[in-house]
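To start, the structure under review is shown below, and the notes come after it.
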Amino acid sequence: MPDVAPDQSILSGDGFVLRPRTGAPSVHGFTVEIDGREAGSVELQVCDHRVSTAHVCWQIASDFRGRGLGHRALQLLVEHAFDTLGLRRVETYVDRRHRHAIRSAARAGLRKEGVVRDYAEDADGWYDAVLLSRLATDALPSTREAFTAWLNSSLPTKRAIAQALIRDADGRVLACELVYKKPWDLPGGVVDPFESPAAAVLRELSEELGVSARIRSLAAVSWLPSWRGWDDATLFLFDVEADPAALARATLQPREIRAIHWCDEEQLADHAADYTVRVVREAIAALDAGTGTAYLEDGRPADW
């Protein structure tokens, strides 16, 4: 059995204890014991280069797995870090393939912050790790607030794009000649965090063209599959009314917009990406027919 550290107390949990081990002053290691039997270990290492932060790791012996012991021992260690050691943050890096370990960390109140690529190498090669953390100010595990925070940090998120379909009296579509890519595109851009797509498209028109506009309706929603290194996304295309005189005096954002053009269908096809042309065609058809918002996938009607 590991030597007991004289300056640490045994921590008691529900049906187990954490018995302290000797080690460096910055390392707080414990043996997990059940009825005097060694069931695993947990360790907290205070970071010497970051104030009030520690890294945690844990391991449960195979004979004791499946009982929820991992998350209970980890939770007890984390509470010791906050209540006794006065730390503010604990964090851990878990091999993203180890779903049970990620679940244990979540049940102990740690939240997912991101994925660290090529974190370490094992016999199977380099692997990515999930970064999880808990702050002293976070909600206690098992509360509804903590459960919601875990789901919010771990569920997938999807990039949202908001664009404007602006047509003139002749039915031509406004397209932007961009600085950073060859294909022309519709005015608009990526929706910011906590921003609605409708607010985003009006903001983009103000920032990129210097014009105010009014949304008439949501013309189309199109799911965009992964493309050239980009993950999939959702496009919200709004039917937008803008003053032609204001557009003629548009103040272009020089970092993004080189020029704007009124395009008929043929001109748009010559200069814009194929999926942009498809989305515009389907959106205009739905608007002219009065059938409501078109739902599309990669700019095409969904094959239900």
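Convention: chains lettered A, B, ... in structure tokens order; per-chain residue numbering from 1; ligands numbered from 1 as shown.
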
For this session: Apply DSSP to the structure's backbone, then extract all residues of range 29-218 of chain A labelled strand (DSSP E or B) and return them as a PyMOL selection string.
Result: chain A and resi 29-34+37-46+53-60+89-95+111-122+125-135+159-165+167+173-178+184-185+188-190+213-218

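Contact shell of Asp232 in chain A at 9 Å (only C-alpha atoms; same-chain neighbours under 2 positions omitted): Lys158, Arg159, Trp223, Leu224, Pro225, Ser226, Trp227, Trp230 and Thr234 of chain A.
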
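Nearest residue to Gly189 in chain A, choosing from A:Val173, A:Ile257, A:Ala245, A:Val277 and counting only C-alpha atoms: A:Ile257.
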
Exercise. Could you work out how far CA of Thr291 in chain A lies from CA of Glu241 in chain A, giving the answer in Å with one decimal?
Worked result: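 These atoms are spaced 19.1 Å apart.
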
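The protein and nucleic acid residues lying at most 9 Å from Ala106 in chain A are His71, Ala101, Arg111, Lys112, Leu132, Pro141, Phe147 and Trp150 of chain A, with only C-alpha atoms considered and sequence neighbours fewer than 5 positions away removed.
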
For N, CA, C and O atoms, I'd like the residues from the last selection saved as a PDB file, in the first residue's frame.
```
ATOM      1  N   HIS A  71     -16.800   8.457 -10.977  1.00  0.00           N
ATOM      2  CA  HIS A  71     -17.280   9.836 -10.884  1.00  0.00           C
ATOM      3  C   HIS A  71     -17.447  10.272  -9.438  1.00  0.00           C
ATOM      4  O   HIS A  71     -17.248  11.451  -9.108  1.00  0.00           O
ATOM      5  N   ALA A 101     -15.024   7.399 -19.533  1.00  0.00           N
ATOM      6  CA  ALA A 101     -14.271   8.364 -18.737  1.00  0.00           C
ATOM      7  C   ALA A 101     -14.841   9.765 -18.910  1.00  0.00           C
ATOM      8  O   ALA A 101     -14.923  10.539 -17.939  1.00  0.00           O
ATOM      9  N   ARG A 111     -17.294  20.221 -17.338  1.00  0.00           N
ATOM     10  CA  ARG A 111     -17.939  20.564 -18.610  1.00  0.00           C
ATOM     11  C   ARG A 111     -16.931  20.478 -19.749  1.00  0.00           C
ATOM     12  O   ARG A 111     -15.750  20.789 -19.576  1.00  0.00           O
ATOM     13  N   LYS A 112     -17.428  20.127 -20.901  1.00  0.00           N
ATOM     14  CA  LYS A 112     -16.573  20.059 -22.084  1.00  0.00           C
ATOM     15  C   LYS A 112     -16.246  21.465 -22.568  1.00  0.00           C
ATOM     16  O   LYS A 112     -17.125  22.303 -22.716  1.00  0.00           O
ATOM     17  N   LEU A 132     -11.983  18.983 -20.406  1.00  0.00           N
ATOM     18  CA  LEU A 132     -13.136  19.226 -19.539  1.00  0.00           C
ATOM     19  C   LEU A 132     -12.669  19.981 -18.303  1.00  0.00           C
ATOM     20  O   LEU A 132     -11.530  19.815 -17.862  1.00  0.00           O
ATOM     21  N   PRO A 141     -22.873  19.231  -9.095  1.00  0.00           N
ATOM     22  CA  PRO A 141     -23.339  18.089  -9.878  1.00  0.00           C
ATOM     23  C   PRO A 141     -24.683  17.588  -9.330  1.00  0.00           C
ATOM     24  O   PRO A 141     -24.992  17.765  -8.159  1.00  0.00           O
ATOM     25  N   PHE A 147     -26.715  19.898 -15.112  1.00  0.00           N
ATOM     26  CA  PHE A 147     -27.060  19.012 -16.229  1.00  0.00           C
ATOM     27  C   PHE A 147     -27.243  19.814 -17.516  1.00  0.00           C
ATOM     28  O   PHE A 147     -26.750  19.431 -18.581  1.00  0.00           O
ATOM     29  N   TRP A 150     -23.869  20.934 -18.835  1.00  0.00           N
ATOM     30  CA  TRP A 150     -23.136  19.854 -19.507  1.00  0.00           C
ATOM     31  C   TRP A 150     -23.666  19.636 -20.921  1.00  0.00           C
ATOM     32  O   TRP A 150     -22.901  19.552 -21.879  1.00  0.00           O
TER      33      TRP A 150
END
```

Exercise. What's the 10 Å shell around Glu256 in chain A, counting only C-alpha atoms, without same-chain residues fewer than 6 positions away, as number ranges by chain?
Worked result: A: 176-181, 208

Would you mind exporting the chosen residues as a compact mmCIF listing (two decimals), in the first residue's frame, restricted to all heavy atoms?
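Output file again24.txt follows:
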```
# COMPACT_ATOMS: atom_id res chain seq x y z
N CYS A 176 -22.47 40.02 -54.52
CA CYS A 176 -21.25 40.70 -54.08
C CYS A 176 -20.03 40.05 -54.70
O CYS A 176 -19.86 38.83 -54.64
CB CYS A 176 -21.13 40.65 -52.56
SG CYS A 176 -22.45 41.48 -51.66
N GLU A 177 -19.17 40.86 -55.30
CA GLU A 177 -17.86 40.40 -55.75
C GLU A 177 -16.92 40.54 -54.56
O GLU A 177 -16.70 41.65 -54.06
CB GLU A 177 -17.39 41.25 -56.93
CG GLU A 177 -16.07 40.80 -57.52
CD GLU A 177 -15.62 41.66 -58.68
OE1 GLU A 177 -16.44 42.47 -59.18
OE2 GLU A 177 -14.44 41.53 -59.08
N LEU A 178 -16.39 39.43 -54.12
CA LEU A 178 -15.68 39.39 -52.85
C LEU A 178 -14.17 39.53 -53.02
O LEU A 178 -13.60 39.18 -54.05
CB LEU A 178 -16.00 38.08 -52.13
CG LEU A 178 -17.50 37.85 -51.86
CD1 LEU A 178 -17.73 36.46 -51.31
CD2 LEU A 178 -18.06 38.90 -50.92
N VAL A 179 -13.53 40.00 -51.97
CA VAL A 179 -12.08 40.17 -51.96
C VAL A 179 -11.38 38.84 -51.72
O VAL A 179 -10.34 38.56 -52.31
CB VAL A 179 -11.67 41.19 -50.88
CG1 VAL A 179 -10.15 41.23 -50.71
CG2 VAL A 179 -12.23 42.58 -51.20
N TYR A 180 -11.95 37.99 -50.86
CA TYR A 180 -11.24 36.82 -50.35
C TYR A 180 -11.55 35.52 -51.07
O TYR A 180 -10.97 34.49 -50.73
CB TYR A 180 -11.54 36.66 -48.85
CG TYR A 180 -13.02 36.61 -48.52
CD1 TYR A 180 -13.71 35.41 -48.54
CD2 TYR A 180 -13.71 37.77 -48.21
CE1 TYR A 180 -15.05 35.36 -48.25
CE2 TYR A 180 -15.06 37.73 -47.92
CZ TYR A 180 -15.73 36.53 -47.93
OH TYR A 180 -17.07 36.49 -47.65
N LYS A 181 -12.46 35.52 -52.04
CA LYS A 181 -12.70 34.31 -52.82
C LYS A 181 -13.24 34.69 -54.19
O LYS A 181 -13.79 35.78 -54.39
CB LYS A 181 -13.66 33.36 -52.11
CG LYS A 181 -15.08 33.86 -51.95
CD LYS A 181 -15.96 32.82 -51.26
CE LYS A 181 -17.40 33.28 -51.12
NZ LYS A 181 -18.27 32.27 -50.46
N GLU A 208 -21.40 45.65 -44.31
CA GLU A 208 -20.72 45.39 -45.58
C GLU A 208 -21.09 46.38 -46.68
O GLU A 208 -20.27 46.69 -47.54
CB GLU A 208 -21.01 43.97 -46.06
CG GLU A 208 -20.45 42.89 -45.14
CD GLU A 208 -20.70 41.51 -45.68
OE1 GLU A 208 -21.49 41.37 -46.64
OE2 GLU A 208 -20.11 40.55 -45.14
```

For this session: Quick one: everything within 12 Å of Asp128 in chain A, counting only C-alpha atoms, minus sequence neighbours fewer than 5 positions away in the same chain. Send it as number ranges by chain.
Result: A: 93-98, 114-122

Problem set entry | Those of range 100-263 of chain A in DSSP alpha helix (DSSP H), formatted as a ChimeraX atom specification | /A:100-107,144-154,197-209,244-248

Exercise. So which one's closest to Leu287 in chain A, A:Ile260, A:Ser217, A:Ala250, A:Pro244? Using only C-alpha atoms, please.
Worked result: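 Of A:Ile260, A:Ser217, A:Ala250, A:Pro244, the one nearest Leu287 in chain A is A:Ser217, counting only C-alpha atoms.
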